[in-house]
$ cat work.txt   # compact mmCIF, C-alpha atoms
# COMPACT_ATOMS: atom_id res chain seq x y z
CA MET A 1 0.00 0.00 0.00
CA ASN A 2 2.81 2.34 0.84
CA ASP A 3 6.20 1.71 -0.68
CA ILE A 4 7.81 5.01 0.10
CA ILE A 5 10.92 4.58 2.16
CA LEU A 6 11.15 7.41 4.63
CA GLN A 7 14.54 8.85 5.29
CA GLY A 8 14.99 10.44 8.66
CA VAL A 9 17.75 12.40 10.26
CA LEU A 10 20.16 10.38 12.37
CA LEU A 11 20.65 12.11 15.70
CA ASP A 12 24.36 11.53 16.27
CA GLU A 13 26.89 13.11 18.62
CA ASP A 14 26.82 16.35 16.66
CA THR A 15 23.06 16.86 16.73
CA GLU A 16 21.89 19.69 18.95
CA PHE A 17 18.39 20.59 20.03
CA SER A 18 17.22 24.06 20.90
CA LEU A 19 15.33 24.38 24.19
CA GLU A 20 12.01 24.56 22.34
CA GLU A 21 12.70 21.52 20.14
CA PHE A 22 13.91 19.62 23.16
CA CYS A 23 10.77 20.34 25.18
CA TYR A 24 8.64 19.11 22.29
CA ALA A 25 10.67 15.97 21.86
CA CYS A 26 10.30 15.00 25.50
CA SER A 27 6.70 16.28 25.77
CA SER A 28 7.57 18.44 28.73
CA PRO A 29 6.99 22.08 29.61
CA THR A 30 9.96 24.42 29.52
CA THR A 31 9.82 24.93 33.28
CA TRP A 32 10.32 21.19 33.83
CA VAL A 33 13.36 21.04 31.53
CA VAL A 34 14.83 24.12 33.24
CA THR A 35 14.34 22.44 36.62
CA LEU A 36 16.14 19.33 35.38
CA VAL A 37 19.06 21.50 34.28
CA GLU A 38 19.12 23.30 37.62
CA VAL A 39 19.38 20.06 39.60
CA GLY A 40 22.00 18.70 37.20
CA VAL A 41 19.96 15.93 35.58
CA LEU A 42 20.53 17.52 32.19
CA ASP A 43 23.63 19.30 30.95
CA PRO A 44 23.10 21.65 28.03
CA VAL A 45 26.16 21.32 25.80
CA ASN A 46 26.82 25.06 26.04
CA TYR A 47 25.93 25.41 29.72
CA GLN A 48 29.31 26.94 30.55
CA GLN A 49 28.97 29.79 28.09
CA ILE A 50 25.35 30.63 28.78
CA SER A 51 24.06 32.18 31.99
CA LEU A 52 20.88 30.89 33.62
CA GLU A 53 19.01 33.99 32.42
CA GLU A 54 19.66 33.09 28.78
CA GLN A 55 18.07 29.64 28.89
CA THR A 56 16.50 30.07 25.48
CA GLN A 57 20.00 29.81 24.02
CA TRP A 58 20.62 26.38 25.56
CA LYS A 59 21.49 23.50 23.26
CA PHE A 60 20.91 19.87 24.19
CA SER A 61 22.55 16.73 22.84
CA ALA A 62 20.55 13.81 21.47
CA ASP A 63 21.78 11.67 24.36
CA SER A 64 20.06 13.98 26.85
CA LEU A 65 16.74 13.20 25.22
CA LYS A 66 16.65 9.69 26.64
CA ARG A 67 17.47 10.99 30.11
CA ALA A 68 14.83 13.71 29.93
CA ARG A 69 12.13 11.30 28.80
CA THR A 70 12.95 8.80 31.52
CA ALA A 71 12.90 11.65 34.03
CA MET A 72 9.49 12.73 32.75
CA ARG A 73 8.07 9.21 33.14
CA LEU A 74 9.53 8.75 36.61
CA GLN A 75 7.92 11.98 37.73
CA ARG A 76 4.59 11.28 36.05
CA ASP A 77 4.19 7.61 36.97
CA LEU A 78 5.87 7.40 40.35
CA GLY A 79 5.71 10.97 41.61
CA ILE A 80 9.46 11.16 42.25
CA ASN A 81 10.89 14.63 42.86
CA GLU A 82 13.87 16.14 41.02
CA ALA A 83 16.51 15.03 43.50
CA GLY A 84 15.09 11.51 43.51
CA ILE A 85 15.06 11.45 39.71
CA ALA A 86 18.68 12.54 39.56
CA LEU A 87 19.60 9.73 41.92
CA VAL A 88 17.53 7.09 40.07
CA LEU A 89 19.03 8.07 36.71
CA ASP A 90 22.57 7.88 38.04
CA LEU A 91 21.92 4.49 39.62
CA LEU A 92 20.25 3.18 36.45
CA GLU A 93 23.30 4.21 34.44
CA GLU A 94 25.58 2.50 36.93
CA ILE A 95 23.50 -0.68 36.74
CA GLU A 96 23.72 -0.59 32.95
CA VAL A 97 27.53 -0.38 33.10
CA LEU A 98 27.69 -3.19 35.66
CA GLU A 99 25.36 -5.39 33.65
CA SER A 100 27.40 -5.06 30.50
CA LYS A 101 30.48 -6.01 32.54
CA VAL A 102 28.69 -9.06 33.93
CA GLU A 103 27.59 -10.05 30.45
CA LYS A 104 31.13 -9.71 29.15
CA LEU A 105 32.52 -11.77 32.01
CA SER A 106 29.98 -14.54 31.77
CA LYS A 107 30.54 -14.82 28.02
CA THR A 108 34.29 -15.34 28.31
CA LYS A 109 33.82 -18.12 30.86
CA MET B 110 -12.72 -9.82 25.26
CA ASP B 111 -11.81 -11.10 28.67
CA PHE B 112 -12.99 -10.00 32.02
CA LYS B 113 -10.27 -8.34 34.03
CA ASP B 114 -10.06 -9.11 37.71
CA TYR B 115 -8.64 -5.85 38.98
CA TYR B 116 -8.39 -7.14 42.54
CA GLN B 117 -6.38 -10.14 41.45
CA ILE B 118 -4.13 -8.00 39.26
CA MET B 119 -3.23 -5.91 42.29
CA GLY B 120 -3.24 -8.88 44.67
CA LEU B 121 -5.92 -7.29 46.83
CA ALA B 122 -8.96 -8.64 48.65
CA PRO B 123 -12.32 -7.41 47.30
CA ASP B 124 -12.88 -5.46 50.51
CA ALA B 125 -9.51 -3.69 50.46
CA SER B 126 -9.57 -0.16 51.85
CA LEU B 127 -8.72 2.84 49.72
CA ALA B 128 -5.53 3.35 51.73
CA GLU B 129 -4.52 -0.23 51.02
CA ILE B 130 -5.25 0.17 47.31
CA LYS B 131 -3.11 3.31 47.13
CA ARG B 132 -0.26 1.72 49.00
CA THR B 133 -0.33 -1.43 46.88
CA TYR B 134 -0.44 0.61 43.71
CA LYS B 135 2.62 2.62 44.74
CA LYS B 136 4.56 -0.55 45.48
CA LEU B 137 3.56 -2.27 42.23
CA ALA B 138 4.20 0.86 40.16
CA ARG B 139 7.77 0.96 41.46
CA LYS B 140 8.20 -2.76 40.93
CA TYR B 141 6.97 -2.78 37.35
CA HIS B 142 7.93 0.67 36.09
CA PRO B 143 9.41 -0.06 32.64
CA ASP B 144 12.33 2.31 33.19
CA VAL B 145 13.40 0.63 36.39
CA SER B 146 12.05 -2.92 36.40
CA LYS B 147 13.99 -5.99 35.35
CA GLU B 148 10.83 -8.11 35.11
CA PRO B 149 10.44 -9.43 31.55
CA ASP B 150 6.79 -8.39 31.24
CA ALA B 151 7.17 -5.15 33.18
CA GLU B 152 5.50 -2.94 30.63
CA VAL B 153 2.38 -5.10 30.35
CA ARG B 154 2.11 -5.50 34.10
CA PHE B 155 2.63 -1.78 34.66
CA LYS B 156 -0.25 -0.96 32.32
CA GLU B 157 -2.52 -3.56 33.91
CA VAL B 158 -1.81 -2.26 37.36
CA GLY B 159 -2.39 1.33 36.20
CA GLU B 160 -5.72 0.33 34.71
CA ALA B 161 -6.78 -1.57 37.83
CA TYR B 162 -5.82 1.39 40.00
CA ALA B 163 -7.71 3.86 37.80
CA VAL B 164 -10.88 1.90 38.58
CA LEU B 165 -10.34 0.86 42.18
CA LYS B 166 -9.18 4.24 43.49
CA ASP B 167 -12.39 5.88 42.30
CA PRO B 168 -15.31 4.92 44.59
CA GLU B 169 -17.89 5.33 41.81
CA LYS B 170 -16.03 3.32 39.22
CA ARG B 171 -15.19 0.72 41.81
CA ALA B 172 -18.85 0.34 42.81
CA ALA B 173 -19.88 -0.04 39.18
CA TYR B 174 -17.11 -2.54 38.61
CA ASP B 175 -18.03 -4.57 41.70
CA LYS B 176 -21.62 -4.85 40.55
CA TYR B 177 -20.70 -5.62 36.96
CA GLY B 178 -17.96 -8.11 37.83
CA LYS B 179 -20.41 -10.47 39.53
CA ASN B 180 -22.63 -10.72 36.48
CA TRP B 181 -19.88 -11.12 33.95
CA GLU B 182 -20.14 -14.24 31.82
CA SER B 183 -17.11 -15.40 29.94
CA GLY B 184 -17.26 -14.64 26.25
CA GLN B 185 -19.48 -11.69 26.87
CA SER B 186 -18.47 -8.85 24.62
CA SER B 187 -20.13 -5.87 26.19
CA PRO B 188 -21.79 -4.99 29.47
CA PRO B 189 -25.50 -5.77 29.93
CA PRO B 190 -27.53 -2.82 28.64
CA ASP B 191 -28.47 -1.47 32.03
CA TRP B 192 -25.41 -2.45 33.97
CA ASP B 193 -24.71 1.08 35.03
CA SER B 194 -28.20 2.08 36.04
CA GLY B 195 -28.20 3.59 39.45
CA PHE B 196 -24.73 5.01 39.15
CA GLU B 197 -24.08 8.59 38.62
CA TYR B 198 -20.85 9.69 37.15
CA ARG B 199 -19.17 12.87 38.05
CA GLY B 200 -17.10 14.56 35.44
CA GLY B 201 -18.46 12.60 32.54
CA GLN B 202 -17.04 13.28 29.17
CA THR B 203 -14.64 16.10 29.04
CA GLY B 204 -13.17 15.37 25.63
CA GLY B 205 -10.11 17.27 24.56
CA GLN B 206 -6.65 15.88 24.11
CA SER B 207 -5.09 13.34 26.34
CA GLY B 208 -4.35 14.64 29.77
CA GLY B 209 -2.34 11.98 31.47
CA GLN B 210 -0.67 8.68 31.44
CA ASN B 211 -1.38 6.31 28.62
CA GLN B 212 -5.08 5.90 29.14
CA GLU B 213 -5.25 5.11 25.45
CA ASP B 214 -3.52 1.87 26.38
CA TYR B 215 -6.28 0.54 28.62
CA SER B 216 -7.82 -2.79 27.71
CA ASP B 217 -10.92 -3.38 25.60
CA PHE B 218 -12.58 -4.53 28.78
CA PHE B 219 -11.94 -1.18 30.39
CA GLU B 220 -13.07 0.68 27.28
CA SER B 221 -16.35 -1.20 27.13
CA MET B 222 -17.10 -0.40 30.75
CA PHE B 223 -15.82 3.09 31.16
CA GLY B 224 -14.73 4.24 27.73
CA ASP B 225 -17.68 6.33 26.66
CA ARG B 226 -18.55 7.73 30.02
CA PHE B 227 -15.21 8.53 31.43
CA GLY B 228 -13.54 9.29 28.17
CA GLN B 229 -10.39 11.11 28.94
CA GLU B 230 -11.27 12.62 32.23
CA PHE B 231 -8.76 10.98 34.48
CA GLY B 232 -5.05 10.53 34.44
CA SER B 233 -2.37 12.53 36.06
CA ASN B 234 -3.42 15.92 37.35
CA GLN B 235 -4.43 17.54 34.07
CA SER B 236 -0.88 18.04 32.95
CA GLY B 237 -1.95 17.97 29.30
CA GLN B 238 -2.55 21.62 28.78
CA GLN B 239 0.46 22.58 30.74
CA ARG B 240 2.69 20.12 28.99
CA ARG B 241 2.12 21.39 25.51
CA PRO B 242 3.75 24.66 24.67
CA ASN B 243 1.15 26.97 23.51
CA ASN B 244 0.63 26.56 19.78
CA ASN B 245 -1.09 24.10 17.46
CA ARG B 246 1.78 21.80 16.63
CA GLY B 247 1.07 18.08 17.09
CA GLU B 248 2.91 16.12 19.74
CA ASP B 249 6.14 14.33 19.00
CA SER B 250 5.91 10.58 19.29
CA HIS B 251 8.46 7.91 20.05
CA ALA B 252 8.94 4.29 19.05
CA LYS B 253 11.63 1.63 19.06
CA VAL B 254 13.02 -0.34 16.13
CA THR B 255 15.22 -3.38 16.48
CA ILE B 256 17.85 -3.92 13.81
CA GLU B 257 20.66 -6.35 13.13
CA LEU B 258 24.30 -5.46 13.64
CA GLU B 259 24.84 -6.01 9.90
CA ASP B 260 22.32 -3.21 9.22
CA ALA B 261 24.67 -0.77 10.92
CA TYR B 262 27.42 -1.83 8.50
CA ASN B 263 25.41 -1.85 5.30
CA GLY B 264 22.39 0.32 5.96
CA ALA B 265 18.93 -1.18 5.53
CA ALA B 266 15.24 -0.48 5.10
CA ARG B 267 12.94 -1.59 7.91
CA SER B 268 9.17 -1.65 8.15
CA ILE B 269 7.65 -0.74 11.45
CA THR B 270 4.05 -0.82 12.54
CA LEU B 271 2.94 1.89 14.89
CA GLN B 272 -0.15 2.04 17.04
CA SER B 273 -1.18 5.61 17.37
CA PRO B 274 -4.15 6.67 19.41
CA GLU B 275 -6.42 9.08 17.62
CA VAL B 276 -9.60 10.76 18.70
CA ASP B 277 -12.54 9.80 16.48
CA GLN B 278 -15.67 11.80 15.70
CA GLN B 279 -17.45 10.62 18.85
CA GLY B 280 -14.53 11.90 20.88
CA ARG B 281 -13.35 8.40 21.67
CA VAL B 282 -9.77 7.27 21.54
CA VAL B 283 -9.16 4.57 18.97
CA ASN B 284 -5.90 2.88 18.10
CA LYS B 285 -4.93 3.35 14.49
CA GLN B 286 -2.30 1.17 12.92
CA ARG B 287 0.05 2.42 10.31
CA THR B 288 3.10 0.91 8.73
CA LEU B 289 6.11 2.96 7.77
CA LYS B 290 9.18 1.98 5.83
CA ILE B 291 12.27 3.59 7.26
CA LYS B 292 15.77 3.84 5.92
CA ILE B 293 18.35 2.84 8.51
CA PRO B 294 21.54 4.69 7.61
CA LYS B 295 25.01 3.16 7.89
CA GLY B 296 27.01 3.73 11.04
CA VAL B 297 24.26 3.83 13.67
CA LYS B 298 24.82 2.69 17.22
CA GLN B 299 22.73 1.25 20.02
CA GLY B 300 20.24 3.71 21.49
CA GLN B 301 20.69 6.32 18.78
CA LYS B 302 17.60 8.01 17.45
CA ILE B 303 16.30 8.85 14.01
CA ARG B 304 14.00 11.82 13.65
CA LEU B 305 11.26 11.73 11.03
CA SER B 306 9.82 15.18 10.57
CA GLY B 307 6.05 15.42 10.43
CA GLN B 308 5.43 11.72 11.25
CA GLY B 309 4.27 12.37 14.82
CA SER B 310 0.77 13.32 15.95
CA PRO B 311 -1.23 15.56 13.62
CA GLY B 312 -1.42 19.24 14.51
CA PHE B 313 -4.53 21.04 15.73
CA ASN B 314 -6.41 23.64 13.73
CA GLY B 315 -4.01 23.46 10.82
CA GLY B 316 -0.88 23.34 12.97
CA LYS B 317 2.20 21.39 11.96
CA ALA B 318 2.37 17.67 12.71
CA GLY B 319 4.82 16.57 15.38
CA ASP B 320 7.94 14.53 14.71
CA LEU B 321 8.48 10.82 15.16
CA TYR B 322 11.57 9.67 17.03
CA LEU B 323 12.76 6.11 16.46
CA GLU B 324 15.16 4.62 18.93
CA LEU B 325 17.44 1.97 17.46
CA ALA B 326 18.30 -1.19 19.33
CA PHE B 327 20.38 -4.10 18.08
CA ASN B 328 19.09 -7.64 18.34
CA SER B 329 21.66 -9.59 20.27
CA HIS B 330 24.06 -11.25 17.87
CA ALA B 331 25.21 -14.87 17.92
CA ILE B 332 28.92 -14.05 17.69
CA TYR B 333 29.47 -10.31 18.13
CA ARG B 334 29.08 -7.97 21.10
CA VAL B 335 28.61 -4.28 20.50
CA VAL B 336 29.85 -1.51 22.77
CA GLN B 337 29.09 1.93 21.35
CA HIS B 338 30.76 1.85 17.94
CA ASP B 339 33.15 -0.96 18.79
CA VAL B 340 32.44 -4.60 18.08
CA TYR B 341 33.89 -7.55 20.02
CA LEU B 342 34.41 -11.08 18.77
CA ASP B 343 35.62 -14.09 20.72
CA LEU B 344 38.00 -15.98 18.46
CA PRO B 345 38.77 -19.64 19.22
CA ILE B 346 42.37 -20.58 18.34
CA THR B 347 44.34 -23.81 18.67
CA PRO B 348 47.21 -24.19 21.17
CA TRP B 349 49.74 -24.45 18.33
CA GLU B 350 48.39 -21.32 16.61
CA ALA B 351 48.75 -19.54 19.95
CA ALA B 352 52.20 -20.93 20.65
CA LEU B 353 53.79 -20.72 17.21
CA GLY B 354 51.83 -17.88 15.66
CA ALA B 355 49.63 -18.19 12.57
CA THR B 356 47.48 -16.33 10.12
CA VAL B 357 43.81 -17.23 10.57
CA LYS B 358 40.55 -16.23 8.92
CA VAL B 359 38.35 -14.03 11.12
CA PRO B 360 34.74 -13.12 10.37
CA THR B 361 33.69 -9.48 10.55
CA PRO B 362 30.19 -8.15 9.89
CA ALA B 363 31.60 -6.79 6.61
CA GLY B 364 33.16 -10.07 5.44
CA SER B 365 36.09 -12.20 6.59
CA VAL B 366 39.66 -10.92 6.92
CA ASP B 367 43.05 -12.54 7.60
CA LEU B 368 44.44 -11.92 11.06
CA LYS B 369 47.99 -12.55 12.22
CA ILE B 370 48.30 -14.29 15.57
CA ALA B 371 51.67 -13.55 17.17
CA PRO B 372 53.71 -16.43 18.65
CA GLY B 373 53.06 -16.78 22.37
CA THR B 374 49.51 -15.45 22.28
CA LYS B 375 47.47 -16.10 25.44
CA THR B 376 43.77 -16.57 26.08
CA GLY B 377 41.86 -13.32 26.57
CA GLN B 378 44.29 -11.20 24.56
CA LYS B 379 42.63 -8.34 22.72
CA LEU B 380 43.67 -7.75 19.12
CA ARG B 381 42.41 -4.54 17.57
CA LEU B 382 41.33 -4.31 13.95
CA LYS B 383 41.26 -0.58 13.45
CA SER B 384 38.12 0.91 11.87
CA ARG B 385 36.48 -2.50 11.36
CA GLY B 386 33.79 -1.66 13.92
CA ILE B 387 30.60 0.19 13.06
CA PRO B 388 31.34 2.56 10.15
CA ALA B 389 30.19 5.80 11.80
CA LYS B 390 31.67 9.25 11.16
CA THR B 391 34.44 8.17 13.51
CA PRO B 392 34.47 4.44 12.74
CA GLY B 393 34.60 2.02 15.63
CA ASP B 394 37.16 -0.76 16.00
CA LEU B 395 36.74 -4.51 15.94
CA TYR B 396 38.31 -6.26 18.91
CA VAL B 397 39.18 -9.91 18.56
CA VAL B 398 39.51 -11.65 21.92
CA THR B 399 41.53 -14.85 21.69
CA GLN B 400 40.29 -18.06 23.31
CA ILE B 401 42.66 -21.02 23.23
CA VAL B 402 40.68 -24.21 22.74
CA LEU B 403 42.19 -27.60 23.60
CA PRO B 404 41.58 -30.52 21.27
CA ALA B 405 39.78 -33.39 22.99
CA ALA B 406 41.91 -36.45 23.81
CA ASP B 407 39.35 -38.80 22.32
CA THR B 408 41.54 -40.85 19.96
CA ASP B 409 44.67 -42.88 20.55
CA GLU B 410 46.66 -40.45 18.39
CA ALA B 411 45.52 -37.45 20.39
CA LYS B 412 46.25 -39.24 23.66
CA ALA B 413 49.73 -40.12 22.42
CA LEU B 414 50.42 -36.49 21.55
CA TYR B 415 49.34 -35.28 24.99
CA LYS B 416 51.42 -38.02 26.55
CA LYS B 417 54.41 -36.88 24.50
CA MET B 418 53.99 -33.33 25.75
CA HIS B 419 53.74 -34.63 29.28
CA ASP B 420 56.96 -36.58 28.88
CA GLU B 421 58.99 -34.02 26.99
CA LEU B 422 57.86 -30.58 28.19
CA ASP B 423 58.94 -29.19 31.50
CA PHE B 424 55.74 -27.25 32.19
CA ASN B 425 54.17 -26.47 35.53
CA PRO B 426 51.35 -23.91 35.23
CA ARG B 427 51.01 -23.91 39.04
CA LYS B 428 54.53 -22.70 39.70
CA ALA B 429 53.30 -19.32 40.89
CA LEU B 430 51.04 -21.06 43.41
CA GLY B 431 54.07 -22.54 45.11
CA VAL B 432 53.08 -26.18 44.62

$ encode --input "work.txt" --output "structure tokens"
Amino acid sequence: MNDIILQGVLLDEDTEFSLEEFCYACSSPTTWVVTLVEVGVLDPVNYQQISLEEQTQWKFSADSLKRARTAMRLQRDLGINEAGIALVLDLLEEIEVLESKVEKLSKTK
Amino acid sequence: MDFKDYYQIMGLAPDASLAEIKRTYKKLARKYHPDVSKEPDAEVRFKEVGEAYAVLKDPEKRAAYDKYGKNWESGQSSPPPDWDSGFEYRGGQTGGQSGGQNQEDYSDFFESMFGDRFGQEFGSNQSGQQRRPNNNRGEDSHAKVTIELEDAYNGAARSITLQSPEVDQQGRVVNKQRTLKIKIPKGVKQGQKIRLSGQGSPGFNGGKAGDLYLELAFNSHAIYRVVQHDVYLDLPITPWEAALGATVKVPTPAGSVDLKIAPGTKTGQKLRLKSRGIPAKTPGDLYVVTQIVLPAADTDEAKALYKKMHDELDFNPRKALGV
């Protein structure tokens, strides 16, 4: 019925989102994304150069998108606050690293 | 359509108090949250529990459900015509766009009981309006595609089927299926996303459609492991190849290559084939990890060879252990 092959844009290391694009992509209000930056869950790639008052200039990497969306779900589904989310995300990342190490070790056995 | 036992789903007695229901829901939500849980069916369970909670936490819905549940006959496809007589629903149909968590995912059973009446009214604290920045652009949507490692080397086209909830003319949410063919470019890595402009939810009042984000995940491969752009391969070698050195054929996702094994190679040594990993902008490397495999001593000839080594080689691998 539909043989058109869609060609998208690969979001690689060099892809940057503006604050507005980023909020759309993670279905979150700007205030929520700003809060996540303030508690250090998200790091805009140009955070160093841009003061907090110029948030509209922030750029986000494609990798942050996954973090922001997980953060949004944790808040929505479990009612976790920002500090809790930051902790959960860090622990999840640590588990991921540990699991890949376990997998590697158990494969070489 | 099957009857759903919401009490059983939550592991609660039919006379559970509201406090108990809330507490159980919080525990189960943490246990099965798809971002956190390691349970294989976490996502399904999480949705079930969410659906059960949406009914049981609301005294009116719960009362209707309790009455209806008793009269349910298996195979029944819709509630008896007057099942809800005597119940009055607050809120009713509010319509509008989705306000909260995934209510479009609730079961047919739920829809047939509460779909028309409750429509979209519940969910998390009306965050819908607040969530959407204020213009008419449709929401961005997200989906996952699994691909093979070879696709990252050669590029590929993949078909994916998406379920997208849409609001029909009666204001009900229906799941629409659509199939898209997507080009997977060369050089992608695990977890990377592809953005398809205008393939998300339609806009409102002539606004632009949202974008569709596809997250890529590799199916686990029989012989390769992937870490970012690098690919790992365990390569079995013979003791004599390891001891004397050799040139052996090694598979790579882009075809086999010849690899030189240096004399005195040990098990677990990592040999790097530069730029033979995933061909991204900065190509990854292919790491070959050597595994020395001993031939079985299952013939007289093999036994004799082992015996000869035993007699002629002065070799004690336990020297360092002091025995």

$ closest_atom_pairs --input "work.txt" --of "chain A" --to "chain B" --cutoff "7 Å" --atoms "all atoms listed in the file" --output "Markdown table"
| residue | atom | partner | partner_atom | distance |
| --- | --- | --- | --- | --- |
| A:Ile4 | CA | B:Lys290 | CA | 6.6 |
| A:Ile5 | CA | B:Lys290 | CA | 4.8 |
| A:Leu6 | CA | B:Ile291 | CA | 4.8 |
| A:Gln7 | CA | B:Lys292 | CA | 5.2 |
| A:Gly8 | CA | B:Leu305 | CA | 4.6 |
| A:Val9 | CA | B:Arg304 | CA | 5.1 |
| A:Leu10 | CA | B:Ile303 | CA | 4.5 |
| A:Leu11 | CA | B:Lys302 | CA | 5.4 |
| A:Asp12 | CA | B:Gln301 | CA | 6.8 |
| A:Tyr24 | CA | B:Asp249 | CA | 6.3 |
| A:Ala25 | CA | B:Asp249 | CA | 5.6 |
| A:Ser27 | CA | B:Arg240 | CA | 6.4 |
| A:Ser28 | CA | B:Arg240 | CA | 5.2 |
| A:Pro29 | CA | B:Arg240 | CA | 4.8 |
| A:Thr70 | CA | B:Asp144 | CA | 6.7 |
| A:Leu78 | CA | B:Ala138 | CA | 6.8 |

$ atom_distance --input "work.txt" --atom1 "CA of Tyr177 (chain B)" --atom2 "CA of Asp150 (chain B)"
28.2 Å

$ residues_around --input "work.txt" --residues "Ile401 (chain B)" --least-positions-apart "3" --cutoff "12 Å" --atoms "all atoms listed in the file" --output "list in words"
Thr108 of chain A; Asp343, Leu344, Pro345, Ile346, Thr347, Pro348, Trp349, Glu350, Ala351, Ala352, Ile370, Gly373, Thr374, Lys375, Thr376, Gly377, Gln378, Val398 and Pro404 of chain B

$ atom_distance --input "work.txt" --atom1 "CA of Leu395 (chain B)" --atom2 "CA of Lys66 (chain A)"
26.8 Å

$ residues_near_point --input "work.txt" --point "(10.4, 9.8, 32.9)" --cutoff "12 Å" --atoms "all atoms listed in the file" --output "MDAnalysis selection string"
(chainID A and resid 26:28 32:33 36 41 65:82 84:86 88:89) or (chainID B and resid 142:145 210)

$ write_last_selection --input "work.txt" --atoms "C-alpha atoms" --output "JSON list (two decimals), keeping the file's coordinate frame"
[["chain", "number", "residue", "atom", "x", "y", "z"],
["A", 26, "CYS", "CA", 10.30, 15.00, 25.50],
["A", 27, "SER", "CA", 6.70, 16.28, 25.77],
["A", 28, "SER", "CA", 7.57, 18.44, 28.73],
["A", 32, "TRP", "CA", 10.32, 21.19, 33.83],
["A", 33, "VAL", "CA", 13.36, 21.04, 31.53],
["A", 36, "LEU", "CA", 16.14, 19.33, 35.38],
["A", 41, "VAL", "CA", 19.96, 15.93, 35.58],
["A", 65, "LEU", "CA", 16.74, 13.20, 25.22],
["A", 66, "LYS", "CA", 16.65, 9.69, 26.64],
["A", 67, "ARG", "CA", 17.47, 10.99, 30.11],
["A", 68, "ALA", "CA", 14.83, 13.71, 29.93],
["A", 69, "ARG", "CA", 12.13, 11.30, 28.80],
["A", 70, "THR", "CA", 12.95, 8.80, 31.52],
["A", 71, "ALA", "CA", 12.90, 11.65, 34.03],
["A", 72, "MET", "CA", 9.49, 12.73, 32.75],
["A", 73, "ARG", "CA", 8.07, 9.21, 33.14],
["A", 74, "LEU", "CA", 9.53, 8.75, 36.61],
["A", 75, "GLN", "CA", 7.92, 11.98, 37.73],
["A", 76, "ARG", "CA", 4.59, 11.28, 36.05],
["A", 77, "ASP", "CA", 4.19, 7.61, 36.97],
["A", 78, "LEU", "CA", 5.87, 7.40, 40.35],
["A", 79, "GLY", "CA", 5.71, 10.97, 41.61],
["A", 80, "ILE", "CA", 9.46, 11.16, 42.25],
["A", 81, "ASN", "CA", 10.89, 14.63, 42.86],
["A", 82, "GLU", "CA", 13.87, 16.14, 41.02],
["A", 84, "GLY", "CA", 15.09, 11.51, 43.51],
["A", 85, "ILE", "CA", 15.06, 11.45, 39.71],
["A", 86, "ALA", "CA", 18.68, 12.54, 39.56],
["A", 88, "VAL", "CA", 17.53, 7.09, 40.07],
["A", 89, "LEU", "CA", 19.03, 8.07, 36.71],
["B", 142, "HIS", "CA", 7.93, 0.67, 36.09],
["B", 143, "PRO", "CA", 9.41, -0.06, 32.64],
["B", 144, "ASP", "CA", 12.33, 2.31, 33.19],
["B", 145, "VAL", "CA", 13.40, 0.63, 36.39],
["B", 210, "GLN", "CA", -0.67, 8.68, 31.44]]

$ atom_distance --input "work.txt" --atom1 "CA of Gln286 (chain B)" --atom2 "CA of Glu257 (chain B)"
24.2 Å

$ residues_around --input "work.txt" --residues "Gly120 (chain B)" --least-positions-apart "2" --cutoff "12 Å" --atoms "only C-alpha atoms" --output "ChimeraX atom specification"
/B:114-118,122-125,129-130,132-134,136-137,158,161-162

$ closest_residue --input "work.txt" --among "B:Val402, B:Val340, B:Val254, B:Leu271" --to "Ser310 (chain B)" --atoms "all atoms listed in the file"
B:Leu271
